[in-house]
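J.: For reference, the file model-v2.csv (CSV, C-alpha atoms (C1' of nucleotides)) is included below:
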```
chain,number,residue,atom,x,y,z
A,1,MET,CA,97.8,120.4,113.1
A,2,ALA,CA,99.2,117.6,115.1
A,3,ARG,CA,99.9,114.1,113.9
A,4,ALA,CA,97.0,112.2,112.5
A,5,ALA,CA,95.3,109.9,115.0
A,6,THR,CA,96.3,106.3,115.0
A,7,THR,CA,92.7,105.5,114.3
A,8,ALA,CA,92.7,107.7,111.2
A,9,ASP,CA,93.5,104.8,108.8
A,10,VAL,CA,95.2,101.5,108.6
A,11,PHE,CA,98.5,103.0,107.8
A,12,ASN,CA,98.6,104.9,111.1
A,13,ALA,CA,97.2,101.9,113.0
A,14,ILE,CA,99.9,99.5,111.9
A,15,ALA,CA,102.7,102.0,112.5
A,16,GLU,CA,102.9,100.8,116.1
A,17,PRO,CA,104.9,97.6,116.3
A,18,ARG,CA,102.8,96.1,119.1
A,19,ARG,CA,99.8,96.5,117.1
A,20,ARG,CA,101.4,94.6,114.2
A,21,ALA,CA,102.4,91.9,116.7
A,22,ILE,CA,98.7,91.7,117.8
A,23,VAL,CA,97.7,91.4,114.2
A,24,ASP,CA,100.2,88.7,113.8
A,25,ALA,CA,98.8,86.9,116.8
A,26,LEU,CA,95.4,86.9,115.2
A,27,ARG,CA,96.6,85.7,111.9
A,28,ASP,CA,94.7,82.4,111.9
A,29,GLY,CA,91.5,84.3,111.4
A,30,ARG,CA,89.8,82.8,114.4
A,31,GLY,CA,88.5,84.6,117.4
A,32,HIS,CA,90.9,85.2,120.3
A,33,ALA,CA,90.3,86.3,123.8
A,34,VAL,CA,92.1,89.4,125.0
A,35,ALA,CA,93.8,87.3,127.7
A,36,GLU,CA,95.1,85.0,125.0
A,37,VAL,CA,96.8,87.9,123.3
A,38,VAL,CA,98.0,89.2,126.6
A,39,ALA,CA,99.6,85.9,127.4
A,40,ARG,CA,101.1,85.5,124.0
A,41,LEU,CA,102.7,88.9,123.7
A,42,ARG,CA,103.4,89.5,127.3
A,43,LEU,CA,101.9,92.9,127.3
A,44,ARG,CA,99.6,94.4,130.0
A,45,GLN,CA,95.9,93.8,129.6
A,46,PRO,CA,94.9,97.5,129.4
A,47,SER,CA,97.5,98.0,126.8
A,48,VAL,CA,96.2,95.2,124.7
A,49,SER,CA,92.7,96.4,125.1
A,50,LYS,CA,93.6,99.8,123.9
A,51,HIS,CA,95.5,98.5,121.0
A,52,LEU,CA,92.7,96.3,120.0
A,53,GLY,CA,90.4,99.3,120.3
A,54,VAL,CA,92.5,101.1,117.7
A,55,LEU,CA,92.6,98.1,115.4
A,56,ARG,CA,88.8,97.8,115.7
A,57,LYS,CA,88.3,101.4,114.9
A,58,VAL,CA,90.1,101.1,111.6
A,59,GLY,CA,88.3,97.8,110.9
A,60,LEU,CA,91.3,95.6,111.1
A,61,VAL,CA,89.6,93.4,113.8
A,62,SER,CA,86.1,92.7,114.8
A,63,VAL,CA,84.8,91.6,118.2
A,64,SER,CA,82.2,89.2,119.3
A,65,ARG,CA,81.1,88.5,122.8
A,66,SER,CA,81.3,85.0,124.2
A,67,GLY,CA,80.5,84.8,127.9
A,68,ARG,CA,82.7,87.2,129.7
A,69,GLN,CA,85.3,87.3,127.1
A,70,ARG,CA,85.5,89.1,123.9
A,71,LEU,CA,86.8,87.3,120.9
A,72,TYR,CA,88.8,89.4,118.5
A,73,ARG,CA,89.1,88.3,114.9
A,74,LEU,CA,91.3,89.6,112.2
A,75,ASN,CA,89.8,91.3,109.2
A,76,ALA,CA,92.8,90.9,107.0
A,77,GLU,CA,91.3,92.4,103.9
A,78,GLU,CA,91.5,95.7,105.6
A,79,LEU,CA,95.3,95.5,105.0
A,80,LYS,CA,94.7,95.6,101.3
A,81,PRO,CA,95.2,99.3,100.9
A,82,VAL,CA,98.6,99.0,102.4
A,83,HIS,CA,99.5,96.1,100.2
A,84,ASP,CA,98.1,97.8,97.1
A,85,TRP,CA,100.2,100.9,97.8
A,86,VAL,CA,103.5,99.2,98.6
A,87,ARG,CA,103.1,96.6,95.9
A,88,THR,CA,103.5,99.1,93.2
A,89,TYR,CA,107.1,99.6,94.3
A,90,THR,CA,108.2,96.1,94.2
A,91,PRO,CA,109.4,96.3,90.6
A,92,LEU,CA,111.8,99.0,91.7
A,93,TRP,CA,113.8,96.7,93.8
A,94,ASN,CA,113.2,93.7,91.6
A,95,ARG,CA,114.7,95.5,88.6
A,96,GLN,CA,118.1,94.7,89.9
A,97,LEU,CA,117.3,91.0,89.8
A,98,GLU,CA,115.6,91.3,86.5
A,99,ARG,CA,118.6,92.9,85.0
A,100,ILE,CA,120.9,90.3,86.3
A,101,LYS,CA,118.6,87.6,85.2
A,102,GLU,CA,118.3,89.2,81.8
A,103,ARG,CA,122.0,89.3,81.4
A,104,ALA,CA,122.3,85.7,82.5
A,105,GLU,CA,119.7,84.8,79.9
A,106,ARG,CA,121.4,86.5,77.2
A,107,LYS,CA,124.6,84.8,78.1
A,108,THR,CA,123.0,81.4,78.3
A,109,HIS,CA,121.5,82.0,74.9
A,110,GLU,CA,124.9,81.3,73.4
A,111,ARG,CA,125.0,78.0,75.1
A,112,VAL,CA,122.4,75.4,75.9
A,113,THR,CA,119.1,76.8,77.1
A,114,ASP,CA,118.7,75.8,80.7
A,115,GLN,CA,115.3,76.7,82.0
A,116,ARG,CA,114.9,75.6,85.5
A,117,GLU,CA,114.3,78.9,87.1
A,118,ARG,CA,110.9,80.6,86.8
A,119,PRO,CA,111.0,84.2,85.7
A,120,GLU,CA,109.2,85.4,88.8
A,121,PRO,CA,110.0,83.2,91.8
A,122,LYS,CA,109.0,86.0,94.1
A,123,GLU,CA,105.4,87.0,94.8
A,124,GLY,CA,104.4,90.1,92.8
A,125,SER,CA,100.9,88.7,92.4
A,126,SER,CA,98.4,89.8,94.9
A,127,TRP,CA,95.1,88.6,93.8
B,1,MET,CA,105.9,106.6,126.6
B,2,ALA,CA,104.5,108.7,123.8
B,3,ARG,CA,103.9,107.6,120.3
B,4,ALA,CA,107.0,106.5,118.4
B,5,ALA,CA,108.8,109.1,116.3
B,6,THR,CA,107.9,109.3,112.7
B,7,THR,CA,111.5,108.7,112.0
B,8,ALA,CA,111.5,105.5,114.1
B,9,ASP,CA,111.0,103.3,111.1
B,10,VAL,CA,109.5,103.1,107.7
B,11,PHE,CA,106.1,102.1,109.0
B,12,ASN,CA,105.8,105.3,111.0
B,13,ALA,CA,107.3,107.4,108.2
B,14,ILE,CA,104.7,106.3,105.6
B,15,ALA,CA,101.8,106.6,108.0
B,16,GLU,CA,101.5,110.2,106.9
B,17,PRO,CA,99.6,110.6,103.7
B,18,ARG,CA,101.6,113.5,102.4
B,19,ARG,CA,104.7,111.5,102.8
B,20,ARG,CA,103.2,108.7,100.8
B,21,ALA,CA,102.3,111.3,98.2
B,22,ILE,CA,105.9,112.5,98.1
B,23,VAL,CA,107.1,108.9,97.8
B,24,ASP,CA,104.7,108.6,94.9
B,25,ALA,CA,106.0,111.7,93.3
B,26,LEU,CA,109.5,110.3,93.4
B,27,ARG,CA,108.5,106.9,92.0
B,28,ASP,CA,110.5,107.2,88.8
B,29,GLY,CA,113.7,106.8,90.8
B,30,ARG,CA,115.3,109.9,89.4
B,31,GLY,CA,116.4,112.9,91.5
B,32,HIS,CA,113.8,115.6,92.0
B,33,ALA,CA,114.3,119.1,93.4
B,34,VAL,CA,112.3,120.1,96.3
B,35,ALA,CA,110.5,122.8,94.3
B,36,GLU,CA,109.4,120.2,91.9
B,37,VAL,CA,107.7,118.3,94.7
B,38,VAL,CA,106.2,121.5,96.0
B,39,ALA,CA,104.8,122.3,92.7
B,40,ARG,CA,103.4,118.9,92.1
B,41,LEU,CA,101.8,118.3,95.4
B,42,ARG,CA,100.9,121.9,96.1
B,43,LEU,CA,102.3,121.9,99.6
B,44,ARG,CA,104.3,124.6,101.3
B,45,GLN,CA,108.0,124.4,100.8
B,46,PRO,CA,108.9,124.1,104.5
B,47,SER,CA,106.4,121.3,104.8
B,48,VAL,CA,107.9,119.4,102.0
B,49,SER,CA,111.4,119.9,103.3
B,50,LYS,CA,110.3,118.6,106.7
B,51,HIS,CA,108.6,115.5,105.2
B,52,LEU,CA,111.6,114.8,103.0
B,53,GLY,CA,113.7,115.1,106.1
B,54,VAL,CA,111.7,112.4,107.8
B,55,LEU,CA,111.9,110.2,104.7
B,56,ARG,CA,115.6,110.7,104.5
B,57,LYS,CA,116.0,109.7,108.2
B,58,VAL,CA,114.4,106.4,107.6
B,59,GLY,CA,116.4,105.9,104.4
B,60,LEU,CA,113.5,106.1,102.0
B,61,VAL,CA,115.1,108.9,100.1
B,62,SER,CA,118.6,110.1,99.6
B,63,VAL,CA,119.8,113.5,98.7
B,64,SER,CA,122.4,114.9,96.4
B,65,ARG,CA,123.4,118.5,95.8
B,66,SER,CA,123.2,120.0,92.4
B,67,GLY,CA,123.9,123.7,92.5
B,68,ARG,CA,121.6,125.3,94.8
B,69,GLN,CA,119.0,122.6,94.6
B,70,ARG,CA,118.9,119.3,96.3
B,71,LEU,CA,117.8,116.3,94.4
B,72,TYR,CA,115.8,113.7,96.3
B,73,ARG,CA,115.8,110.2,95.0
B,74,LEU,CA,113.6,107.4,96.1
B,75,ASN,CA,115.1,104.4,97.8
B,76,ALA,CA,112.3,102.0,97.1
B,77,GLU,CA,113.9,98.9,98.6
B,78,GLU,CA,113.4,100.4,102.0
B,79,LEU,CA,109.8,99.7,101.5
B,80,LYS,CA,110.5,96.0,101.5
B,81,PRO,CA,109.9,95.5,105.2
B,82,VAL,CA,106.4,96.9,104.8
B,83,HIS,CA,105.8,94.7,101.8
B,84,ASP,CA,107.2,91.6,103.5
B,85,TRP,CA,105.0,92.1,106.4
B,86,VAL,CA,101.7,92.8,104.7
B,87,ARG,CA,102.3,90.3,102.0
B,88,THR,CA,101.9,87.4,104.4
B,89,TYR,CA,98.3,88.4,104.8
B,90,THR,CA,97.3,88.3,101.2
B,91,PRO,CA,96.2,84.7,101.3
B,92,LEU,CA,93.7,85.7,103.9
B,93,TRP,CA,91.7,87.8,101.6
B,94,ASN,CA,92.3,85.5,98.8
B,95,ARG,CA,90.5,82.8,100.7
B,96,GLN,CA,87.3,84.1,99.2
B,97,LEU,CA,88.5,83.2,95.7
B,98,GLU,CA,89.9,79.9,97.0
B,99,ARG,CA,86.5,79.1,98.5
B,100,ILE,CA,84.8,79.9,95.3
B,101,LYS,CA,87.2,77.8,93.4
B,102,GLU,CA,86.8,75.0,95.9
B,103,ARG,CA,83.1,75.0,95.7
B,104,ALA,CA,83.2,75.1,92.0
B,105,GLU,CA,85.4,72.1,92.0
B,106,ARG,CA,83.3,70.2,94.5
B,107,LYS,CA,80.0,71.1,92.8
B,108,THR,CA,80.9,71.1,89.2
B,109,HIS,CA,77.4,69.9,88.4
B,110,GLU,CA,75.8,73.0,89.8
B,111,ARG,CA,75.8,76.4,88.2
B,112,VAL,CA,78.1,78.7,90.1
B,113,THR,CA,76.8,82.2,89.9
B,114,ASP,CA,77.0,83.0,93.5
B,115,GLN,CA,79.8,85.3,94.5
B,116,ARG,CA,78.0,88.0,96.4
B,117,GLU,CA,79.6,87.6,99.7
B,118,ARG,CA,80.5,91.0,100.9
B,119,PRO,CA,81.4,91.4,104.6
B,120,GLU,CA,81.5,94.9,105.8
B,121,PRO,CA,81.8,94.8,109.6
B,122,LYS,CA,83.3,98.3,109.8
B,123,GLU,CA,83.0,100.6,112.7
B,124,GLY,CA,81.6,99.4,116.0
B,125,SER,CA,79.5,101.7,118.1
B,126,SER,CA,80.9,101.8,121.6
B,127,TRP,CA,83.8,104.0,122.4
C,1,DG,C1',73.7,88.8,146.9
C,2,DA,C1',78.8,88.3,147.5
C,3,DC,C1',82.6,87.2,144.9
C,4,DA,C1',85.7,86.1,141.0
C,5,DT,C1',87.0,86.8,136.3
C,6,DT,C1',87.5,89.2,132.0
C,7,DT,C1',87.9,93.3,129.6
C,8,DA,C1',87.3,98.3,129.1
C,9,DT,C1',88.0,103.0,130.6
C,10,DT,C1',89.7,106.9,133.1
C,11,DC,C1',93.4,109.9,134.7
C,12,DC,C1',98.0,111.1,134.4
C,13,DT,C1',102.3,112.6,132.0
C,14,DA,C1',106.4,113.0,128.9
C,15,DT,C1',106.9,113.4,124.2
C,16,DA,C1',106.4,114.1,119.4
C,17,DT,C1',103.9,115.9,115.9
C,18,DG,C1',102.6,119.0,111.6
C,19,DG,C1',101.4,123.3,110.1
C,20,DG,C1',102.3,128.3,109.8
C,21,DA,C1',105.2,132.1,109.9
C,22,DA,C1',109.4,133.9,110.0
C,23,DT,C1',114.1,133.4,109.4
C,24,DA,C1',118.5,131.2,108.5
C,25,DT,C1',121.7,129.0,105.3
C,26,DA,C1',123.6,128.1,100.9
C,27,DA,C1',124.6,128.7,96.2
C,28,DT,C1',124.4,131.4,92.0
C,29,DC,C1',124.4,135.6,89.4
C,30,DG,C1',125.3,140.4,87.9
D,1,DC,C1',129.8,142.7,97.1
D,2,DG,C1',124.5,142.8,97.0
D,3,DA,C1',120.5,140.5,95.2
D,4,DT,C1',118.1,136.4,94.1
D,5,DT,C1',116.9,131.7,94.3
D,6,DA,C1',116.5,127.2,96.6
D,7,DT,C1',116.1,124.8,100.7
D,8,DA,C1',116.5,124.1,105.7
D,9,DT,C1',115.5,125.4,110.3
D,10,DT,C1',113.5,127.5,114.3
D,11,DC,C1',109.7,128.9,117.1
D,12,DC,C1',105.0,128.4,118.5
D,13,DC,C1',101.0,125.6,119.5
D,14,DA,C1',96.9,122.4,119.6
D,15,DT,C1',96.6,117.7,119.6
D,16,DA,C1',97.3,112.9,120.2
D,17,DT,C1',99.8,109.5,121.8
D,18,DA,C1',101.3,105.0,124.8
D,19,DG,C1',102.2,103.3,129.1
D,20,DG,C1',101.2,102.9,134.1
D,21,DA,C1',98.1,102.6,137.8
D,22,DA,C1',93.7,102.5,139.4
D,23,DT,C1',89.2,101.6,138.7
D,24,DA,C1',84.9,100.7,136.3
D,25,DA,C1',81.7,97.7,133.7
D,26,DA,C1',80.1,93.2,132.4
D,27,DT,C1',79.4,88.6,133.1
D,28,DG,C1',79.6,84.1,135.3
D,29,DT,C1',79.5,81.2,139.7
D,30,DC,C1',78.2,79.8,144.2
```
As structure tokens, please, write out the structure in this file.

T.:
Amino acid sequence: MARAATTADVFNAIAEPRRRAIVDALRDGRGHAVAEVVARLRLRQPSVSKHLGVLRKVGLVSVSRSGRQRLYRLNAEELKPVHDWVRTYTPLWNRQLERIKERAERKTHERVTDQRERPEPKEGSSW
Amino acid sequence: MARAATTADVFNAIAEPRRRAIVDALRDGRGHAVAEVVARLRLRQPSVSKHLGVLRKVGLVSVSRSGRQRLYRLNAEELKPVHDWVRTYTPLWNRQLERIKERAERKTHERVTDQRERPEPKEGSSW
DNA sequence: GACATTTATTCCTATATGGGAATATAATCG
DNA sequence: CGATTATATTCCCATATAGGAATAAATGTC
């Protein structure tokens, strides 16, 4: 078989950089007209319409009519599967830091305890 | 132009479910022979080799020879771009919780048992 | 109704895909 | 060496893309 459709799931939908840019442009959660996105990203209107169509099919955006324009609104929670998947790998590249920190802690144990750094300054927590 | 190559970046590479499954299979960070992955995921060997080739091209895995087998090891930190991008959206689906908390704060005198907001605006109709 | 505006859709095309099957390459063993 | 094991590569093909250009809805305005 050929490659999976871009509309197959969110992972395929966001593989395209311009679609991520569109998602970024809708970040504020409010409705945005197509022309707005076109102006912001400097893409052609049909291109934006097509990309929005893909995003809509996977549920990442929803549309509402307002006069002759259509307002696209981000459905951010549809990105959760991506986050949930990739999130499980963060310990693998944080382990480095953890080890360094650990060693630093052990060393500091000999001296005065200086706790000004939180153990997890990075995210790691999703919800 | 056509769709970007799967080897264009990590986003495209992980769009394919089997490739994510392979990444999952290599999660422990140790080297794994191709046959191991083949056995685990029940895919054909050429298929696995090809997928591993894609993952290698984007840097998600690295190879080392050991006798007649090749050990593939996960390079989890290459997933960081994905995490960094999607991570910025987590507040948007946490807003639910925030709202609930907010309401609870504002209306402490009322009983808060109302958390049945469940938007599911999936799938439009027109194509 | 004629016209303008906003967005969606159609047609085209070069390109890459992923699977299957077969085969090539590589390393090890007897 | 020949045989076996482990993996990579090649060939074939149906399918889907993304952009461009042109055009088709759909709606609002006069």

J.: I want to know what sits within 12 Å of C:DC3, based on all atoms listed in the file, with residues of the same chain fewer than 4 positions away left out; could you give that as a ChimeraX atom specification?

T.: /D:28-30

J.: Got a sec to pull out which chain D residues are within 6 Å of chain B, counting all atoms listed in the file, and send them as a CSV table (one decimal) with C-alpha atoms (C1' of nucleotides), keeping the file's coordinate frame?

T.:
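Everything below was put into part28.csv:
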```csv
chain,number,residue,atom,x,y,z
D,6,DA,C1',116.5,127.2,96.6
D,17,DT,C1',99.8,109.5,121.8
D,18,DA,C1',101.3,105.0,124.8
D,19,DG,C1',102.2,103.3,129.1
```

J.: Find, counting all atoms listed in the file, the residue in A:Leu71, A:Val37, A:Ala15, A:Ala5 that gets nearest to chain B.

T.: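 Using all atoms listed in the file, chain B sits closest to A:Ala15.
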
J.: Could you please select, counting only C-alpha atoms, the residues of chain B within 7 Å of chain A and state them as a list in words?

T.: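 Listing them in order of chain and number gives Phe11, Asn12, Ala15, Ala76, Glu77, Leu79, His83, Val86, Arg87, Tyr89, Thr90, Leu92, Trp93, Asn94, Lys122 and Glu123 of chain B.
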
J.: Pull C-alpha atoms from the residues just selected and write them as a PDB file, in the coordinates of the input.

T.:
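Contents of result.pdb, as written:
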```pdb
ATOM      1  CA  PHE B  11     106.100 102.100 109.000  1.00  0.00           C
ATOM      2  CA  ASN B  12     105.800 105.300 111.000  1.00  0.00           C
ATOM      3  CA  ALA B  15     101.800 106.600 108.000  1.00  0.00           C
ATOM      4  CA  ALA B  76     112.300 102.000  97.100  1.00  0.00           C
ATOM      5  CA  GLU B  77     113.900  98.900  98.600  1.00  0.00           C
ATOM      6  CA  LEU B  79     109.800  99.700 101.500  1.00  0.00           C
ATOM      7  CA  HIS B  83     105.800  94.700 101.800  1.00  0.00           C
ATOM      8  CA  VAL B  86     101.700  92.800 104.700  1.00  0.00           C
ATOM      9  CA  ARG B  87     102.300  90.300 102.000  1.00  0.00           C
ATOM     10  CA  TYR B  89      98.300  88.400 104.800  1.00  0.00           C
ATOM     11  CA  THR B  90      97.300  88.300 101.200  1.00  0.00           C
ATOM     12  CA  LEU B  92      93.700  85.700 103.900  1.00  0.00           C
ATOM     13  CA  TRP B  93      91.700  87.800 101.600  1.00  0.00           C
ATOM     14  CA  ASN B  94      92.300  85.500  98.800  1.00  0.00           C
ATOM     15  CA  LYS B 122      83.300  98.300 109.800  1.00  0.00           C
ATOM     16  CA  GLU B 123      83.000 100.600 112.700  1.00  0.00           C
TER      17      GLU B 123
END
```

J.: Starting from chain C, keep only residues with some atom at most 9 Å from an atom of chain A, counting only C-alpha atoms (C1' of nucleotides), and report them as a ChimeraX atom specification.

T.: /C:5-9,16-19

J.: Could you tell me how far atom C1' of D:DG2 sits from atom C1' of C:DT25, in Å to one decimal place?

T.: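 So the two atoms, atom C1' of C:DT25 and atom C1' of D:DG2, lie 16.3 Å apart.
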
J.: Go through B:Ser66, B:Tyr72, B:Arg40, B:Leu52 and flag the residue nearest D:DA8, using only C-alpha atoms (C1' of nucleotides) for the distances.

T.: B:Leu52

J.: So what do you get for atom CA of B:His32 versus atom CA of B:Ser64, distance-wise?

T.: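 Between these atoms lies a distance of 9.7 Å.
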